[in-house]
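Enquirer: Just input-v5.tsv, nothing more (TSV, C-alpha atoms and all ligand atoms):
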chain	number	residue	atom	x	y	z
N	1	MET	CA	18.30	-35.28	5.88
N	2	THR	CA	16.05	-36.24	8.81
N	3	GLU	CA	12.38	-36.38	7.83
N	4	ARG	CA	10.09	-33.90	9.52
N	5	VAL	CA	7.40	-35.46	11.72
N	6	LEU	CA	3.75	-34.83	10.89
N	7	TYR	CA	0.89	-35.93	13.13
N	8	LEU	CA	-2.25	-36.61	11.09
N	9	MET	CA	-5.24	-36.37	13.45
N	10	ILE	CA	-8.19	-38.24	11.93
N	11	CYS	CA	-11.78	-37.67	13.10
N	12	GLY	CA	-15.00	-39.58	12.33
N	13	ALA	CA	-16.24	-38.23	8.98
N	14	GLY	CA	-16.32	-39.67	5.46
N	15	PRO	CA	-12.89	-38.53	4.21
N	16	ALA	CA	-11.32	-40.60	7.00
N	17	GLY	CA	-11.85	-43.55	4.66
N	18	HIS	CA	-9.57	-41.83	2.12
N	19	VAL	CA	-6.73	-40.57	4.33
N	20	HIS	CA	-4.23	-42.52	2.25
N	21	VAL	CA	-4.48	-39.56	-0.16
N	22	VAL	CA	-3.13	-37.04	2.35
N	23	VAL	CA	-0.61	-39.54	3.73
N	24	GLU	CA	0.90	-39.90	0.27
N	25	LEU	CA	0.82	-36.15	-0.44
N	26	ALA	CA	2.60	-35.47	2.85
N	27	GLN	CA	5.15	-38.22	2.31
N	28	ASN	CA	5.92	-36.79	-1.13
N	29	ALA	CA	6.47	-33.42	0.55
N	30	GLY	CA	9.06	-35.01	2.86
N	31	TRP	CA	7.00	-35.71	5.97
N	32	SER	CA	7.11	-38.83	8.12
N	33	VAL	CA	3.43	-39.31	8.93
N	34	HIS	CA	2.13	-40.58	12.28
N	35	CYS	CA	-1.64	-41.11	12.37
N	36	VAL	CA	-3.68	-40.49	15.51
N	37	ALA	CA	-7.38	-41.35	15.29
N	38	THR	CA	-10.52	-40.67	17.33
N	39	PRO	CA	-12.68	-43.61	18.45
N	40	ALA	CA	-15.36	-42.56	15.89
N	41	ALA	CA	-12.82	-42.64	13.05
N	42	VAL	CA	-11.64	-46.09	14.11
N	43	GLU	CA	-15.15	-47.47	14.56
N	44	HIS	CA	-16.62	-46.29	11.27
N	45	PHE	CA	-13.92	-45.50	8.74
N	46	LEU	CA	-10.33	-46.68	9.19
N	47	ASP	CA	-8.32	-49.72	8.21
N	48	LEU	CA	-5.63	-49.51	10.90
N	49	ASP	CA	-3.44	-52.23	9.39
N	50	GLU	CA	-3.44	-50.55	6.00
N	51	LEU	CA	-2.50	-47.18	7.53
N	52	HIS	CA	0.26	-48.83	9.55
N	53	ARG	CA	1.61	-50.40	6.36
N	54	LEU	CA	1.40	-47.11	4.45
N	55	THR	CA	3.05	-44.93	7.10
N	56	GLY	CA	5.39	-47.47	8.68
N	57	HIS	CA	3.99	-46.56	12.10
N	58	PRO	CA	1.11	-47.97	14.17
N	59	VAL	CA	-1.97	-45.74	14.35
N	60	ARG	CA	-2.28	-44.21	17.80
N	61	THR	CA	-5.78	-44.34	19.26
N	62	GLY	CA	-4.96	-43.70	22.90
N	63	TYR	CA	-2.14	-43.34	25.36
N	64	ARG	CA	0.92	-45.47	24.75
N	65	GLY	CA	0.56	-49.00	25.98
N	66	GLN	CA	3.44	-51.04	27.40
N	67	GLY	CA	5.95	-51.88	24.71
N	68	GLN	CA	4.52	-49.34	22.24
N	69	PRO	CA	7.04	-46.87	20.81
N	70	PRO	CA	6.62	-43.22	21.88
N	71	LEU	CA	5.52	-40.73	19.25
N	72	PRO	CA	8.44	-38.55	18.14
N	73	PRO	CA	7.87	-34.82	18.74
N	74	ALA	CA	5.70	-33.25	16.03
N	75	ASP	CA	7.04	-30.60	13.66
N	76	ALA	CA	3.50	-29.98	12.37
N	77	VAL	CA	-0.05	-31.29	12.62
N	78	ILE	CA	-2.92	-31.77	10.18
N	79	VAL	CA	-6.42	-32.38	11.54
N	80	ALA	CA	-8.37	-33.95	8.66
N	81	PRO	CA	-11.13	-34.66	8.38
N	82	ALA	CA	-11.97	-32.39	11.31
N	83	THR	CA	-15.50	-32.98	12.59
N	84	TYR	CA	-17.96	-30.49	14.01
N	85	ASN	CA	-17.56	-32.37	17.29
N	86	THR	CA	-13.78	-32.19	17.54
N	87	ILE	CA	-13.51	-28.57	16.37
N	88	ASN	CA	-16.05	-27.38	18.94
N	89	LYS	CA	-14.64	-29.46	21.79
N	90	TRP	CA	-11.04	-28.47	21.02
N	91	ALA	CA	-11.90	-24.75	21.04
N	92	ALA	CA	-13.88	-25.21	24.27
N	93	GLY	CA	-10.91	-26.83	26.00
N	94	ILE	CA	-12.43	-30.31	26.24
N	95	ALA	CA	-9.88	-33.12	26.13
N	96	ASP	CA	-11.83	-36.37	26.27
N	97	THR	CA	-10.19	-38.19	23.36
N	98	TYR	CA	-6.48	-38.78	22.83
N	99	VAL	CA	-6.68	-36.58	19.71
N	100	LEU	CA	-8.17	-33.71	21.75
N	101	THR	CA	-5.62	-34.10	24.53
N	102	GLN	CA	-2.78	-33.99	22.01
N	103	LEU	CA	-4.31	-31.00	20.22
N	104	ALA	CA	-4.64	-29.09	23.49
N	105	GLU	CA	-0.94	-29.60	24.19
N	106	LEU	CA	0.24	-29.00	20.64
N	107	THR	CA	-1.75	-25.75	20.43
N	108	GLY	CA	-0.12	-24.61	23.66
N	109	LEU	CA	3.31	-25.51	22.33
N	110	GLY	CA	2.77	-23.44	19.19
N	111	VAL	CA	3.35	-26.33	16.80
N	112	PRO	CA	1.99	-25.41	13.31
N	113	ILE	CA	-1.48	-26.91	12.92
N	114	ALA	CA	-3.73	-27.03	9.84
N	115	VAL	CA	-7.39	-27.98	10.23
N	116	LEU	CA	-9.48	-29.18	7.31
N	117	PRO	CA	-13.13	-29.43	8.43
N	118	PHE	CA	-15.69	-31.73	6.82
N	119	VAL	CA	-19.19	-30.54	7.68
N	120	ASN	CA	-22.37	-30.13	5.71
N	121	THR	CA	-24.19	-26.82	5.28
N	122	ALA	CA	-26.58	-27.66	8.11
N	123	LEU	CA	-23.74	-28.09	10.63
N	124	ALA	CA	-21.93	-25.12	9.10
N	125	SER	CA	-24.97	-22.92	9.71
N	126	ASN	CA	-24.46	-23.13	13.45
N	127	PRO	CA	-22.81	-19.94	14.71
N	128	VAL	CA	-21.02	-21.95	17.39
N	129	LEU	CA	-18.83	-23.57	14.73
N	130	HIS	CA	-17.76	-20.19	13.36
N	131	ARG	CA	-17.10	-18.79	16.82
N	132	ASN	CA	-14.96	-21.78	17.63
N	133	MET	CA	-13.03	-21.69	14.35
N	134	GLU	CA	-12.22	-18.05	15.20
N	135	VAL	CA	-11.07	-19.13	18.66
N	136	LEU	CA	-8.70	-21.62	17.05
N	137	ARG	CA	-7.49	-19.03	14.51
N	138	SER	CA	-6.74	-16.64	17.36
N	139	THR	CA	-4.29	-19.21	18.74
N	140	GLY	CA	-2.46	-19.38	15.41
N	141	VAL	CA	-4.15	-22.52	14.05
N	142	HIS	CA	-4.71	-22.52	10.25
N	143	VAL	CA	-8.41	-23.29	9.82
N	144	LEU	CA	-8.95	-24.09	6.14
N	145	PHE	CA	-12.62	-23.26	5.85
N	146	GLY	CA	-13.94	-21.18	2.94
N	147	PRO	CA	-12.50	-20.33	-0.48
N	148	GLY	CA	-9.20	-22.13	-1.07
N	149	GLY	CA	-10.03	-24.57	1.72
N	150	PHE	CA	-13.06	-26.68	2.57
N	151	GLU	CA	-16.47	-25.47	1.44
N	152	PRO	CA	-19.50	-27.22	2.98
N	153	HIS	CA	-21.79	-29.46	0.95
N	154	PRO	CA	-25.54	-29.92	1.34
N	155	PRO	CA	-26.70	-32.59	3.80
N	156	ARG	CA	-26.58	-36.16	2.35
N	157	LYS	CA	-24.19	-35.03	-0.41
N	158	GLY	CA	-21.01	-35.92	1.51
N	159	ASP	CA	-20.07	-38.76	-0.82
N	160	SER	CA	-19.82	-36.48	-3.85
N	161	ALA	CA	-17.97	-33.82	-1.79
N	162	MET	CA	-15.20	-36.25	-0.96
N	163	GLU	CA	-13.70	-36.25	-4.45
N	164	GLY	CA	-12.80	-32.57	-4.28
N	165	TYR	CA	-11.76	-32.59	-0.62
N	166	PRO	CA	-8.76	-30.22	-0.57
N	167	TRP	CA	-6.19	-32.42	1.18
N	168	LEU	CA	-3.37	-30.60	-0.60
N	169	ALA	CA	-4.36	-27.27	0.99
N	170	ALA	CA	-3.66	-28.82	4.39
N	171	VAL	CA	-0.22	-30.09	3.34
N	172	ASN	CA	0.62	-26.72	1.79
N	173	ALA	CA	-0.49	-24.87	4.92
N	174	ILE	CA	2.14	-26.58	7.08
N	175	SER	CA	4.96	-26.82	4.50
N	201	LIG	C1	-21.17	-42.49	8.56
N	201	LIG	C2	-20.93	-41.25	9.38
N	201	LIG	C3	-20.65	-40.05	8.76
N	201	LIG	C4	-20.43	-38.90	9.50
N	201	LIG	N1	-20.13	-37.74	8.85
N	201	LIG	C5	-19.80	-36.63	9.56
N	201	LIG	C6	-19.38	-35.46	8.90
N	201	LIG	O1	-19.30	-35.39	7.67
N	201	LIG	N2	-19.02	-34.38	9.64
N	201	LIG	C7	-19.08	-34.40	11.02
N	201	LIG	O2	-18.73	-33.39	11.63
N	201	LIG	N3	-19.51	-35.51	11.68
N	201	LIG	C8	-19.86	-36.61	10.98
N	201	LIG	N4	-20.28	-37.75	11.63
N	201	LIG	C9	-20.54	-37.68	13.08
N	201	LIG	C10	-19.27	-37.86	13.91
N	201	LIG	O3	-18.66	-39.11	13.61
N	201	LIG	C11	-19.67	-37.79	15.38
N	201	LIG	O4	-20.04	-36.46	15.71
N	201	LIG	C12	-18.57	-38.25	16.30
N	201	LIG	O5	-18.95	-38.04	17.65
N	201	LIG	C13	-17.28	-37.50	16.02
N	201	LIG	O6	-16.30	-37.87	16.94
N	201	LIG	P1	-14.80	-37.32	16.76
N	201	LIG	O7	-14.90	-35.84	16.57
N	201	LIG	O8	-14.16	-37.68	18.06
N	201	LIG	O9	-14.21	-38.04	15.60
N	201	LIG	C14	-20.50	-38.93	10.92
N	201	LIG	C15	-20.75	-40.15	11.54
N	201	LIG	C16	-20.96	-41.28	10.79
N	201	LIG	C17	-21.21	-42.61	11.50
Before we go any further, please render this structure as structure tokens.
Ligand SMILES: Cc1cc2nc3c(=O)[nH]c(=O)nc-3n(C[C@H](O)[C@H](O)[C@H](O)COP(=O)(O)O)c2cc1C
Expert:
Amino acid sequence: MTERVLYLMICGAGPAGHVHVVVELAQNAGWSVHCVATPAAVEHFLDLDELHRLTGHPVRTGYRGQGQPPLPPADAVIVAPATYNTINKWAAGIADTYVLTQLAELTGLGVPIAVLPFVNTALASNPVLHRNMEVLRSTGVHVLFGPGGFEPHPPRKGDSAMEGYPWLAAVNAIS
């Protein structure tokens, strides 16, 4: 059986340093995982060689360079960790990273997308985030925020929140 293709969009927040967890969960669920990362995720959190080794595919950080293989079409997408920045820009139609450009197109194509935010209670108190999560939900995107999904932690408590980060909810949402 051909493996289904999952794009894992990785933004610049703490769980990006632990994405091997969701890669393995998705692989065990039968997905071939292709990672696409924002510049902030690459700068602060990711080991690109390790992710390449784990997935069997180079991590995409921008448009395809000469000689790079094209990404196969996605059957589903997980955005995790999804930052305050990327959620708000995506919903506002801004496409100034490769991740955002891809998300704009994939949303328009109706590809199943699960979003697992990682924001503290201070960021989560901003009404703009909730408005924008509703915008994304109205397009059919599964935003996993609240009971059963991601629940915000107090500021400066992100490290302890990472252990219980509900990666599996994202895999289940697109399976
Ligand atoms: C160490 C570190 C931790 C961060 N943690 C978070 C976080 O938990 N949630 C968040 O939304 N942004 C967090 N940020 C800020 C984002 O990285 C920043 O807003 C960046 O512009 C996001 O870009 P991106 O959405 O393209 O990945 C963190 C940044 C750093 C350097």
Enquirer: Do you know which residues are at most 9 Å from N:Thr139 counting only C-alpha atoms, after dropping those on the same chain fewer than 2 positions away, and could you put them as a compact mmCIF listing (two decimals) with C-alpha atoms, in the frame of the given file?
Expert:
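Done, and the output landed in around_26.txt:
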# COMPACT_ATOMS: atom_id res chain seq x y z
CA THR N 107 -1.75 -25.75 20.43
CA GLY N 108 -0.12 -24.61 23.66
CA GLY N 110 2.77 -23.44 19.19
CA GLU N 134 -12.22 -18.05 15.20
CA VAL N 135 -11.07 -19.13 18.66
CA LEU N 136 -8.70 -21.62 17.05
CA ARG N 137 -7.49 -19.03 14.51
CA VAL N 141 -4.15 -22.52 14.05
Enquirer: Output the neighbourhood of ligand LIG 201 (chain N) as a PDB file with C-alpha atoms, keeping the file's coordinate frame, that is, all protein and nucleic acid residues with some atom at most 9 Å from the ligand, counting all atoms listed in the file.
Expert:
ATOM      1  CA  ILE N  10      -8.190 -38.240  11.930  1.00  0.00           C
ATOM      2  CA  CYS N  11     -11.780 -37.670  13.100  1.00  0.00           C
ATOM      3  CA  GLY N  12     -15.000 -39.580  12.330  1.00  0.00           C
ATOM      4  CA  ALA N  13     -16.240 -38.230   8.980  1.00  0.00           C
ATOM      5  CA  GLY N  14     -16.320 -39.670   5.460  1.00  0.00           C
ATOM      6  CA  PRO N  15     -12.890 -38.530   4.210  1.00  0.00           C
ATOM      7  CA  ALA N  37      -7.380 -41.350  15.290  1.00  0.00           C
ATOM      8  CA  THR N  38     -10.520 -40.670  17.330  1.00  0.00           C
ATOM      9  CA  PRO N  39     -12.680 -43.610  18.450  1.00  0.00           C
ATOM     10  CA  ALA N  40     -15.360 -42.560  15.890  1.00  0.00           C
ATOM     11  CA  ALA N  41     -12.820 -42.640  13.050  1.00  0.00           C
ATOM     12  CA  VAL N  42     -11.640 -46.090  14.110  1.00  0.00           C
ATOM     13  CA  GLU N  43     -15.150 -47.470  14.560  1.00  0.00           C
ATOM     14  CA  HIS N  44     -16.620 -46.290  11.270  1.00  0.00           C
ATOM     15  CA  PHE N  45     -13.920 -45.500   8.740  1.00  0.00           C
ATOM     16  CA  PRO N  81     -11.130 -34.660   8.380  1.00  0.00           C
ATOM     17  CA  ALA N  82     -11.970 -32.390  11.310  1.00  0.00           C
ATOM     18  CA  THR N  83     -15.500 -32.980  12.590  1.00  0.00           C
ATOM     19  CA  TYR N  84     -17.960 -30.490  14.010  1.00  0.00           C
ATOM     20  CA  ASN N  85     -17.560 -32.370  17.290  1.00  0.00           C
ATOM     21  CA  THR N  86     -13.780 -32.190  17.540  1.00  0.00           C
ATOM     22  CA  ILE N  87     -13.510 -28.570  16.370  1.00  0.00           C
ATOM     23  CA  ASN N  88     -16.050 -27.380  18.940  1.00  0.00           C
ATOM     24  CA  LYS N  89     -14.640 -29.460  21.790  1.00  0.00           C
ATOM     25  CA  ASP N  96     -11.830 -36.370  26.270  1.00  0.00           C
ATOM     26  CA  THR N  97     -10.190 -38.190  23.360  1.00  0.00           C
ATOM     27  CA  VAL N  99      -6.680 -36.580  19.710  1.00  0.00           C
ATOM     28  CA  LEU N 100      -8.170 -33.710  21.750  1.00  0.00           C
ATOM     29  CA  PRO N 117     -13.130 -29.430   8.430  1.00  0.00           C
ATOM     30  CA  PHE N 118     -15.690 -31.730   6.820  1.00  0.00           C
ATOM     31  CA  VAL N 119     -19.190 -30.540   7.680  1.00  0.00           C
ATOM     32  CA  ASN N 120     -22.370 -30.130   5.710  1.00  0.00           C
ATOM     33  CA  LEU N 123     -23.740 -28.090  10.630  1.00  0.00           C
ATOM     34  CA  PRO N 155     -26.700 -32.590   3.800  1.00  0.00           C
ATOM     35  CA  GLY N 158     -21.010 -35.920   1.510  1.00  0.00           C
TER      36      GLY N 158
END
Enquirer: What is the distance between atom CA of N:Leu6 and atom CA of N:Thr121, in Å to one decimal?
Expert: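 Atom CA of N:Thr121 lies 29.6 Å from atom CA of N:Leu6.
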Enquirer: What is the distance between atom CA of N:Ser32 and atom CA of N:Gly17, in Å to one decimal?
Expert: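 According to the coordinates, atom CA of N:Ser32 and atom CA of N:Gly17 are separated by 19.8 Å.
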Enquirer: Which residue is closest to N:Tyr7? Choose from N:Leu48, N:Arg53, N:Ala76, N:Val19 and count only C-alpha atoms.
Expert: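 Going through N:Leu48, N:Arg53, N:Ala76, N:Val19 one by one, the smallest distance to N:Tyr7 is for N:Ala76.
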Enquirer: Grab the atom CA of N:Gly93 to atom CA of N:His34 distance for me, in Å with one decimal place.
Expert: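 Computing it gives 23.4 Å between the two atoms.
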Enquirer: Can you pull out the residues contacting N:Gly62? Cut-off 7 Å, using all atoms listed in the file, and skip same-chain residues under 2 positions away; I want them as a list of chain:residue names.
Expert: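 Surrounding residues, per the criterion: N:Arg60, N:Arg64, N:Tyr98.
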Enquirer: Using all atoms listed in the file, which protein or nucleic acid residues come within 12 Å of N:Ala74? Drop anything in the same chain fewer than 2 positions from it, and give the result as number ranges by chain.
Expert: N: 3-9, 31-36, 70-72, 76-78, 102-103, 105-107, 109-113, 174
Enquirer: N:Ala169: which residues within 9 Å, counting only C-alpha atoms, same-chain residues fewer than 3 positions away excluded, as a ChimeraX atom specification?
Expert: /N:114,116,144,148-150,166,172-174
Enquirer: Suppose we keep C-alpha atoms; can you now write the selection as an mmCIF file, in the frame of the given file?
Expert:
data_model
loop_
_atom_site.group_PDB
_atom_site.id
_atom_site.type_symbol
_atom_site.label_atom_id
_atom_site.label_comp_id
_atom_site.auth_asym_id
_atom_site.auth_seq_id
_atom_site.Cartn_x
_atom_site.Cartn_y
_atom_site.Cartn_z
ATOM 1 C CA ALA N 114 -3.730 -27.030 9.840
ATOM 2 C CA LEU N 116 -9.480 -29.180 7.310
ATOM 3 C CA LEU N 144 -8.950 -24.090 6.140
ATOM 4 C CA GLY N 148 -9.200 -22.130 -1.070
ATOM 5 C CA GLY N 149 -10.030 -24.570 1.720
ATOM 6 C CA PHE N 150 -13.060 -26.680 2.570
ATOM 7 C CA PRO N 166 -8.760 -30.220 -0.570
ATOM 8 C CA ASN N 172 0.620 -26.720 1.790
ATOM 9 C CA ALA N 173 -0.490 -24.870 4.920
ATOM 10 C CA ILE N 174 2.140 -26.580 7.080
#
Enquirer: Find the residue from N:Ser175, N:Thr61, N:Thr2, N:Thr55 that sits nearest to N:Thr101; use all atoms listed in the file when measuring.
Expert: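 Of N:Ser175, N:Thr61, N:Thr2, N:Thr55, the one nearest N:Thr101, counting all atoms listed in the file, is N:Thr61.
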Enquirer: Using all atoms listed in the file, can you tell me which of N:Leu46, N:Ala91, N:Val59, N:Leu168 comes closest to N:His130?
Expert: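 Of the candidates, the smallest distance to N:His130 is held by N:Ala91.
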Enquirer: Could you tell me which of N:Ser138, N:Val171, N:Pro152, N:Val143 comes closest to N:Ser125 if we count all atoms listed in the file?
Expert: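 For N:Ser125, the nearest of the candidates is N:Pro152.
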Enquirer: Could I get stretch 93-122 of chain N rebuilt with N, CA and C atoms, written as an mmCIF file, keeping the file's coordinate frame?
Expert:
data_model
loop_
_atom_site.group_PDB
_atom_site.id
_atom_site.type_symbol
_atom_site.label_atom_id
_atom_site.label_comp_id
_atom_site.auth_asym_id
_atom_site.auth_seq_id
_atom_site.Cartn_x
_atom_site.Cartn_y
_atom_site.Cartn_z
ATOM 1 N N GLY N 93 -11.845 -26.338 24.993
ATOM 2 C CA GLY N 93 -10.910 -26.830 26.000
ATOM 3 C C GLY N 93 -11.241 -28.213 26.525
ATOM 4 N N ILE N 94 -12.083 -28.942 25.803
ATOM 5 C CA ILE N 94 -12.430 -30.310 26.240
ATOM 6 C C ILE N 94 -11.368 -31.265 25.686
ATOM 7 N N ALA N 95 -10.962 -32.205 26.523
ATOM 8 C CA ALA N 95 -9.880 -33.120 26.130
ATOM 9 C C ALA N 95 -10.270 -34.544 26.507
ATOM 10 N N ASP N 96 -11.341 -35.047 25.887
ATOM 11 C CA ASP N 96 -11.830 -36.370 26.270
ATOM 12 C C ASP N 96 -11.573 -37.444 25.218
ATOM 13 N N THR N 97 -10.747 -37.149 24.233
ATOM 14 C CA THR N 97 -10.190 -38.190 23.360
ATOM 15 C C THR N 97 -8.688 -37.950 23.325
ATOM 16 N N TYR N 98 -7.944 -38.955 22.913
ATOM 17 C CA TYR N 98 -6.480 -38.780 22.830
ATOM 18 C C TYR N 98 -6.142 -37.689 21.818
ATOM 19 N N VAL N 99 -6.901 -37.629 20.707
ATOM 20 C CA VAL N 99 -6.680 -36.580 19.710
ATOM 21 C C VAL N 99 -6.849 -35.206 20.363
ATOM 22 N N LEU N 100 -7.922 -35.018 21.125
ATOM 23 C CA LEU N 100 -8.170 -33.710 21.750
ATOM 24 C C LEU N 100 -7.100 -33.367 22.789
ATOM 25 N N THR N 101 -6.664 -34.357 23.531
ATOM 26 C CA THR N 101 -5.620 -34.100 24.530
ATOM 27 C C THR N 101 -4.329 -33.647 23.843
ATOM 28 N N GLN N 102 -3.986 -34.357 22.771
ATOM 29 C CA GLN N 102 -2.780 -33.990 22.010
ATOM 30 C C GLN N 102 -2.933 -32.592 21.410
ATOM 31 N N LEU N 103 -4.103 -32.304 20.841
ATOM 32 C CA LEU N 103 -4.310 -31.000 20.220
ATOM 33 C C LEU N 103 -4.208 -29.876 21.247
ATOM 34 N N ALA N 104 -4.723 -30.116 22.440
ATOM 35 C CA ALA N 104 -4.640 -29.090 23.490
ATOM 36 C C ALA N 104 -3.170 -28.777 23.781
ATOM 37 N N GLU N 105 -2.359 -29.829 23.885
ATOM 38 C CA GLU N 105 -0.940 -29.600 24.190
ATOM 39 C C GLU N 105 -0.208 -28.976 23.015
ATOM 40 N N LEU N 106 -0.483 -29.479 21.824
ATOM 41 C CA LEU N 106 0.240 -29.000 20.640
ATOM 42 C C LEU N 106 -0.108 -27.542 20.341
ATOM 43 N N THR N 107 -1.354 -27.151 20.601
ATOM 44 C CA THR N 107 -1.750 -25.750 20.430
ATOM 45 C C THR N 107 -0.947 -24.888 21.405
ATOM 46 N N GLY N 108 -0.865 -25.354 22.635
ATOM 47 C CA GLY N 108 -0.120 -24.610 23.660
ATOM 48 C C GLY N 108 1.358 -24.511 23.338
ATOM 49 N N LEU N 109 1.886 -25.521 22.687
ATOM 50 C CA LEU N 109 3.310 -25.510 22.330
ATOM 51 C C LEU N 109 3.609 -24.645 21.114
ATOM 52 N N GLY N 110 2.549 -24.257 20.384
ATOM 53 C CA GLY N 110 2.770 -23.440 19.190
ATOM 54 C C GLY N 110 3.236 -24.213 17.981
ATOM 55 N N VAL N 111 3.017 -25.515 17.978
ATOM 56 C CA VAL N 111 3.350 -26.330 16.800
ATOM 57 C C VAL N 111 2.395 -25.933 15.657
ATOM 58 N N PRO N 112 2.900 -25.766 14.412
ATOM 59 C CA PRO N 112 1.990 -25.410 13.310
ATOM 60 C C PRO N 112 0.900 -26.469 13.109
ATOM 61 N N ILE N 113 -0.341 -26.004 13.046
ATOM 62 C CA ILE N 113 -1.480 -26.910 12.920
ATOM 63 C C ILE N 113 -2.388 -26.421 11.798
ATOM 64 N N ALA N 114 -2.746 -27.330 10.879
ATOM 65 C CA ALA N 114 -3.730 -27.030 9.840
ATOM 66 C C ALA N 114 -4.964 -27.889 10.066
ATOM 67 N N VAL N 115 -6.123 -27.278 9.989
ATOM 68 C CA VAL N 115 -7.390 -27.980 10.230
ATOM 69 C C VAL N 115 -8.229 -27.932 8.961
ATOM 70 N N LEU N 116 -8.634 -29.107 8.492
ATOM 71 C CA LEU N 116 -9.480 -29.180 7.310
ATOM 72 C C LEU N 116 -10.826 -29.780 7.746
ATOM 73 N N PRO N 117 -11.837 -28.912 7.973
ATOM 74 C CA PRO N 117 -13.130 -29.430 8.430
ATOM 75 C C PRO N 117 -13.805 -30.279 7.350
ATOM 76 N N PHE N 118 -14.779 -31.070 7.767
ATOM 77 C CA PHE N 118 -15.690 -31.730 6.820
ATOM 78 C C PHE N 118 -17.055 -31.713 7.486
ATOM 79 N N VAL N 119 -17.853 -30.723 7.101
ATOM 80 C CA VAL N 119 -19.190 -30.540 7.680
ATOM 81 C C VAL N 119 -20.146 -30.159 6.568
ATOM 82 N N ASN N 120 -21.404 -30.540 6.722
ATOM 83 C CA ASN N 120 -22.370 -30.130 5.710
ATOM 84 C C ASN N 120 -22.901 -28.733 6.025
ATOM 85 N N THR N 121 -23.731 -28.201 5.116
ATOM 86 C CA THR N 121 -24.190 -26.820 5.280
ATOM 87 C C THR N 121 -25.083 -26.665 6.513
ATOM 88 N N ALA N 122 -25.733 -27.751 6.915
ATOM 89 C CA ALA N 122 -26.580 -27.660 8.110
ATOM 90 C C ALA N 122 -25.695 -27.455 9.345
#
